[in-house]
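Okay, structure first, notes after.
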Amino acid sequence: MLFTNINIAYAITGSYCTFADTLTQMEGLAKQGANIIPIMSQNAYSTDTRFGKANEIRTKIEDICQRKIIHTIADAEPIGPKKMADIMLVAPCTGNTLAKLANSITDTAVTMAVKSHIRNARPVVLCIATNDALAGSAKNIGALLNNRNYFFVPLRQDDFMSKPVSIVSDFTKIPATLKAALIGKQLQPLLD
């Protein structure tokens with residue numbers, strides 16, 4: 001099994017339209033032997049949307065991971081000091097979370113988890129989903145591309161006709177990106 005005994009901190013932020021894709025990948029990683037530590041931002045944890053009820057999504061995540069979701073800053077802080085994860089994945093990573101990470105802002109369970117984890121020089125994989133990636137969020141993507149230990153799931157424009165500055169990572173490439181990041185490599189090509 002590809003991820004046997006690998007501890008993956010799997011953080012989810014509020015790009016609700018990608019939740020089905022991320023849950024599919026989470027389930028696949030669990031089936032490949034990964035020990036998954038689920039983390040959610042408060043908005044992702046508590047908001048009902050047209051893409052699903054929050055309590056149903058939480059239940060599915062906890063069933064897949066066989067553990068409770070970390071959703072507070074206080075509960076996320078020990079991830080780094082206790083070296084709980086070999087690698088951290090933020091999928092989806094919204095433009096809002098991307099901006100906070102690029103500017104060292106820690107005000108959600110997810111940003112605290114990343115900050116806590118990366119202090120040990122361990123890899124963080126970002127799976128971007130934002131409607132302004134080629135506009136306001138472009139500088140934050142650039143900043144994090146230049147930081148050690150940040151890796152990106154390959155990116156693509158999801159609807160260049162209707163949303164010309166929107167980018168969504170290819171969620172199906174999460175496993176390959178994690179595998180590459182575990183040995184310090186960025187999966188290529190970065191732009192699909």
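A note on labels: chains of the structure tokens are A, B, ... as shown, every chain counts residues from 1, and ligands are counted from 1 in their shown order.
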
List as CSV every residue of region 95-169 of chain A that is in contact with region 71-76 of chain A, defined as an atom at most 12 Å from one of its atoms (using only C-alpha atoms), together with the nearest atom pair and the distance in Å rounded to one decimal, sorted by chain and then rising number.
residue,atom,partner,partner_atom,distance
A:Thr106,CA,A:Ile73,CA,8.5
A:Asp107,CA,A:Ile73,CA,7.3
A:Thr108,CA,A:Ile73,CA,5.8
A:Ala109,CA,A:Ile73,CA,4.3
A:Val110,CA,A:Ala76,CA,7.4
A:Thr111,CA,A:Ile73,CA,8.3
A:Met112,CA,A:Ile73,CA,6.0
A:Ala113,CA,A:Ala76,CA,5.0
A:Val114,CA,A:Ala76,CA,8.8
A:Lys115,CA,A:Ala76,CA,9.5
A:Ser116,CA,A:Ala76,CA,7.7
A:His117,CA,A:Ala76,CA,9.4

Notebook entry, point to check: Can you list, as JSON, numbers by chain, every protein, DNA or RNA residue that comes within 8 Å of region 86-96 of chain A when you count only C-alpha atoms, leaving out same-chain residues fewer than 4 positions away?
Noted result: {"A": [6, 7, 8, 9, 10, 11, 12, 13, 14, 15, 18, 19, 22, 100, 110, 114, 117, 122, 123, 124, 125, 126, 127, 128, 129, 130, 131, 132, 133, 137, 178, 182]}

Next item on the list: Could you give me the residues within region 108-173 of chain A that DSSP places in helix (DSSP H, G or I), as a list of chain:residue names?
Entry: A:Ala109, A:Val110, A:Thr111, A:Met112, A:Ala113, A:Val114, A:Lys115, A:Ser116, A:His117, A:Ile118, A:Ala138, A:Lys139, A:Asn140, A:Ile141, A:Gly142, A:Ala143, A:Leu144, A:Leu145, A:Phe171, A:Thr172, A:Lys173

Could you pull the residues within 10 Å of Ala34 (chain A), counting only C-alpha atoms, minus those fewer than 3 positions along the same chain, as a compact mmCIF listing (two decimals) with N, CA and C atoms, in the first residue's frame?
# COMPACT_ATOMS: atom_id res chain seq x y z
N MET A 1 0.85 -1.19 0.00
CA MET A 1 0.00 0.00 0.00
C MET A 1 0.89 1.24 0.00
N LEU A 2 0.59 2.16 -0.88
CA LEU A 2 1.43 3.31 -1.16
C LEU A 2 1.70 4.19 0.06
N PHE A 3 0.71 4.41 0.93
CA PHE A 3 0.87 5.33 2.05
C PHE A 3 0.82 4.64 3.41
N THR A 4 1.16 3.36 3.46
CA THR A 4 1.14 2.63 4.71
C THR A 4 2.03 3.32 5.74
N ASN A 5 1.45 3.56 6.91
CA ASN A 5 2.15 4.18 8.05
C ASN A 5 2.61 5.62 7.80
N ILE A 6 2.06 6.28 6.80
CA ILE A 6 2.33 7.70 6.58
C ILE A 6 1.21 8.48 7.27
N ASN A 7 1.59 9.42 8.12
CA ASN A 7 0.63 10.27 8.82
C ASN A 7 0.39 11.53 8.01
N ILE A 8 -0.82 11.67 7.49
CA ILE A 8 -1.18 12.82 6.66
C ILE A 8 -2.16 13.69 7.43
N ALA A 9 -1.75 14.92 7.75
CA ALA A 9 -2.68 15.91 8.29
C ALA A 9 -3.44 16.46 7.08
N MET A 26 -9.55 11.69 -0.05
CA MET A 26 -9.31 11.30 1.33
C MET A 26 -9.59 9.80 1.51
N GLU A 27 -10.69 9.36 0.94
CA GLU A 27 -11.06 7.95 1.02
C GLU A 27 -10.01 7.07 0.34
N GLY A 28 -9.54 7.51 -0.81
CA GLY A 28 -8.50 6.76 -1.52
C GLY A 28 -7.21 6.65 -0.74
N LEU A 29 -6.80 7.75 -0.10
CA LEU A 29 -5.58 7.73 0.71
C LEU A 29 -5.72 6.78 1.90
N ALA A 30 -6.89 6.81 2.52
CA ALA A 30 -7.14 5.89 3.64
C ALA A 30 -7.06 4.44 3.18
N LYS A 31 -7.61 4.15 2.01
CA LYS A 31 -7.57 2.79 1.48
C LYS A 31 -6.14 2.37 1.12
N ILE A 37 -5.23 12.56 9.67
CA ILE A 37 -5.64 13.44 10.76
C ILE A 37 -6.48 14.54 10.12
N CYS A 65 -11.67 8.70 8.33
CA CYS A 65 -10.41 8.85 9.09
C CYS A 65 -10.39 8.06 10.39

Check: Suppose you want the space between CA of Tyr150 (chain A) and CA of Thr59 (chain A); what is it in Å?
Finding: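 Atom-to-atom, CA of Tyr150 (chain A) and CA of Thr59 (chain A) are spaced 29.4 Å apart.
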
Notebook entry, point to check: Which value, in Å to one decimal, gives the distance between CA of Pro38 (chain A) and CA of Gln186 (chain A)?
Noted result: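 Calculated distance between CA of Pro38 (chain A) and CA of Gln186 (chain A) is 23.3 Å.
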
Margin query: Set the distance at 8 Å and use only C-alpha atoms: which residues neighbour Leu190 (chain A) once local chain neighbours fewer than 4 positions away are removed? I'd like the list as a list of chain:residue names.
Written below: A:Phe152, A:Val153, A:Pro154, A:Leu155, A:Gln186

Item checked: Selection: 8 Å around Tyr45 (chain A), only C-alpha atoms, excl. self and same-chain fewer than 5 positions, as a list in words -> Met40, Ala54, Arg58 and His71 of chain A

Notebook entry, point to check: Counting only C-alpha atoms, what is within 12 Å of Asn147 (chain A), bar same-chain residues fewer than 6 positions away, as a list in words?
Noted result: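 Surrounding residues, per the criterion: Leu101, Ala102, Asn103, Ser104, Ile118, Ala121, Pro123, Val124, Val125, Asn140 and Ile141 of chain A.
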
Writer output for current selection, all heavy atoms, as a tab-separated table (two decimals), in the first residue's frame:
chain	number	residue	atom	x	y	z
A	101	LEU	N	-1.59	32.07	4.64
A	101	LEU	CA	-0.34	31.33	4.71
A	101	LEU	C	0.82	32.15	4.15
A	101	LEU	O	1.91	32.16	4.73
A	101	LEU	CB	-0.46	30.00	3.95
A	101	LEU	CG	-1.45	28.99	4.52
A	101	LEU	CD1	-1.56	27.78	3.60
A	101	LEU	CD2	-1.07	28.58	5.94
A	102	ALA	N	0.58	32.85	3.05
A	102	ALA	CA	1.64	33.67	2.44
A	102	ALA	C	2.05	34.83	3.34
A	102	ALA	O	3.18	35.32	3.24
A	102	ALA	CB	1.17	34.19	1.08
A	103	ASN	N	1.15	35.25	4.22
A	103	ASN	CA	1.43	36.39	5.09
A	103	ASN	C	1.54	36.02	6.57
A	103	ASN	O	1.45	36.88	7.44
A	103	ASN	CB	0.35	37.46	4.87
A	103	ASN	CG	0.49	38.08	3.50
A	103	ASN	OD1	1.39	38.88	3.27
A	103	ASN	ND2	-0.38	37.70	2.58
A	104	SER	N	1.71	34.74	6.84
A	104	SER	CA	1.90	34.24	8.22
A	104	SER	C	0.79	34.64	9.17
A	104	SER	O	1.05	34.98	10.33
A	104	SER	CB	3.26	34.69	8.76
A	104	SER	OG	4.30	34.16	7.97
A	118	ILE	N	4.85	23.16	9.77
A	118	ILE	CA	5.97	23.58	8.91
A	118	ILE	C	7.17	24.03	9.74
A	118	ILE	O	8.29	24.08	9.24
A	118	ILE	CB	5.53	24.63	7.88
A	118	ILE	CG1	6.44	24.56	6.65
A	118	ILE	CG2	5.46	26.02	8.49
A	118	ILE	CD1	5.88	25.18	5.41
A	121	ALA	N	10.06	21.87	9.44
A	121	ALA	CA	10.59	21.72	8.08
A	121	ALA	C	10.04	20.49	7.38
A	121	ALA	O	10.72	19.82	6.62
A	121	ALA	CB	12.12	21.72	8.08
A	123	PRO	N	6.94	18.82	4.85
A	123	PRO	CA	6.25	19.32	3.66
A	123	PRO	C	4.76	19.62	3.87
A	123	PRO	O	4.06	18.91	4.61
A	123	PRO	CB	6.42	18.18	2.65
A	123	PRO	CG	6.66	16.96	3.47
A	123	PRO	CD	7.34	17.42	4.73
A	124	VAL	N	4.34	20.69	3.18
A	124	VAL	CA	2.94	21.10	3.12
A	124	VAL	C	2.54	21.12	1.65
A	124	VAL	O	3.20	21.77	0.84
A	124	VAL	CB	2.71	22.50	3.74
A	124	VAL	CG1	1.27	22.95	3.54
A	124	VAL	CG2	3.09	22.50	5.22
A	125	VAL	N	1.47	20.42	1.31
A	125	VAL	CA	0.96	20.37	-0.06
A	125	VAL	C	-0.33	21.17	-0.12
A	125	VAL	O	-1.24	20.95	0.68
A	125	VAL	CB	0.72	18.91	-0.51
A	125	VAL	CG1	0.01	18.87	-1.86
A	125	VAL	CG2	2.04	18.15	-0.57
A	140	ASN	N	0.17	35.56	-3.93
A	140	ASN	CA	0.31	34.62	-2.81
A	140	ASN	C	0.78	33.25	-3.28
A	140	ASN	O	1.57	32.60	-2.61
A	140	ASN	CB	-1.01	34.52	-2.06
A	140	ASN	CG	-1.42	35.87	-1.49
A	140	ASN	OD1	-0.58	36.61	-0.98
A	140	ASN	ND2	-2.69	36.19	-1.60
A	141	ILE	N	0.32	32.83	-4.44
A	141	ILE	CA	0.82	31.59	-5.03
A	141	ILE	C	2.32	31.74	-5.29
A	141	ILE	O	3.12	30.87	-4.93
A	141	ILE	CB	0.06	31.23	-6.32
A	141	ILE	CG1	-1.39	30.86	-5.99
A	141	ILE	CG2	0.75	30.08	-7.06
A	141	ILE	CD1	-2.29	30.70	-7.21

Item checked: Interatomic distance, CA of Ala180 (chain A) to CA of Arg148 (chain A) (Å, one decimal) ->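 Taking CA of Ala180 (chain A) and CA of Arg148 (chain A), their separation equals 14.2 Å.
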
Would you please give, as a compact mmCIF listing (two decimals) with N, CA, C and O atoms, in the first residue's frame, all residues of region 28-117 of chain A that DSSP assigns to strand (DSSP E or B) based on the backbone?
# COMPACT_ATOMS: atom_id res chain seq x y z
N ASN A 35 -2.61 7.09 7.55
CA ASN A 35 -3.25 7.50 8.79
C ASN A 35 -3.60 8.97 8.61
O ASN A 35 -2.69 9.81 8.51
N ILE A 36 -4.88 9.29 8.54
CA ILE A 36 -5.30 10.65 8.22
C ILE A 36 -5.80 11.37 9.46
O ILE A 36 -6.65 10.86 10.19
N ILE A 37 -5.23 12.56 9.67
CA ILE A 37 -5.64 13.44 10.76
C ILE A 37 -6.48 14.54 10.12
O ILE A 37 -5.94 15.42 9.45
N PRO A 38 -7.80 14.52 10.28
CA PRO A 38 -8.64 15.52 9.61
C PRO A 38 -8.66 16.85 10.37
O PRO A 38 -8.76 16.88 11.59
N ILE A 39 -8.57 17.93 9.60
CA ILE A 39 -8.59 19.28 10.14
C ILE A 39 -9.54 20.09 9.26
O ILE A 39 -9.52 19.94 8.03
N MET A 40 -10.35 20.94 9.87
CA MET A 40 -11.23 21.80 9.08
C MET A 40 -11.21 23.21 9.65
O MET A 40 -11.15 23.39 10.87
N THR A 49 -24.24 24.19 2.89
CA THR A 49 -24.28 24.81 1.57
C THR A 49 -25.10 23.95 0.63
O THR A 49 -25.53 22.85 0.99
N GLY A 52 -23.82 20.41 0.40
CA GLY A 52 -23.96 19.44 1.47
C GLY A 52 -24.16 20.06 2.83
O GLY A 52 -23.82 21.22 3.06
N ILE A 70 -10.15 17.91 13.89
CA ILE A 70 -9.58 19.05 14.59
C ILE A 70 -10.17 20.30 13.94
O ILE A 70 -10.05 20.47 12.72
N ILE A 87 3.39 14.70 6.68
CA ILE A 87 3.10 15.64 5.61
C ILE A 87 1.72 16.24 5.87
O ILE A 87 0.87 15.60 6.50
N MET A 88 1.54 17.47 5.42
CA MET A 88 0.24 18.13 5.57
C MET A 88 -0.30 18.46 4.18
O MET A 88 0.45 18.88 3.30
N LEU A 89 -1.58 18.24 4.01
CA LEU A 89 -2.29 18.55 2.77
C LEU A 89 -3.42 19.50 3.09
O LEU A 89 -4.19 19.26 4.02
N VAL A 90 -3.51 20.60 2.33
CA VAL A 90 -4.65 21.51 2.45
C VAL A 90 -5.43 21.38 1.14
O VAL A 90 -4.97 21.82 0.08
N ALA A 91 -6.60 20.71 1.21
CA ALA A 91 -7.35 20.40 0.00
C ALA A 91 -8.85 20.41 0.30
O ALA A 91 -9.33 19.50 0.97
N PRO A 92 -9.54 21.41 -0.14
CA PRO A 92 -9.10 22.53 -0.94
C PRO A 92 -8.43 23.62 -0.11
O PRO A 92 -8.71 23.76 1.07
N CYS A 93 -7.57 24.36 -0.78
CA CYS A 93 -6.95 25.55 -0.19
C CYS A 93 -7.54 26.76 -0.92
O CYS A 93 -7.28 26.97 -2.11

Margin query: From the options A:Ile61, A:Ala176, A:Ile79, A:Ala44, which residue's atoms come nearest to Arg119 (chain A), counting only C-alpha atoms?
Written below: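 Of A:Ile61, A:Ala176, A:Ile79, A:Ala44, the one nearest Arg119 (chain A), counting only C-alpha atoms, is A:Ile79.
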
Notebook entry, point to check: Restricting the calculation to only C-alpha atoms, which member of A:Asn146, A:Thr172, A:Asn120, A:Gln32 is positioned closest to Met84 (chain A)?
Noted result: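 Checking each candidate against Met84 (chain A), we get A:Asn120 as the closest.
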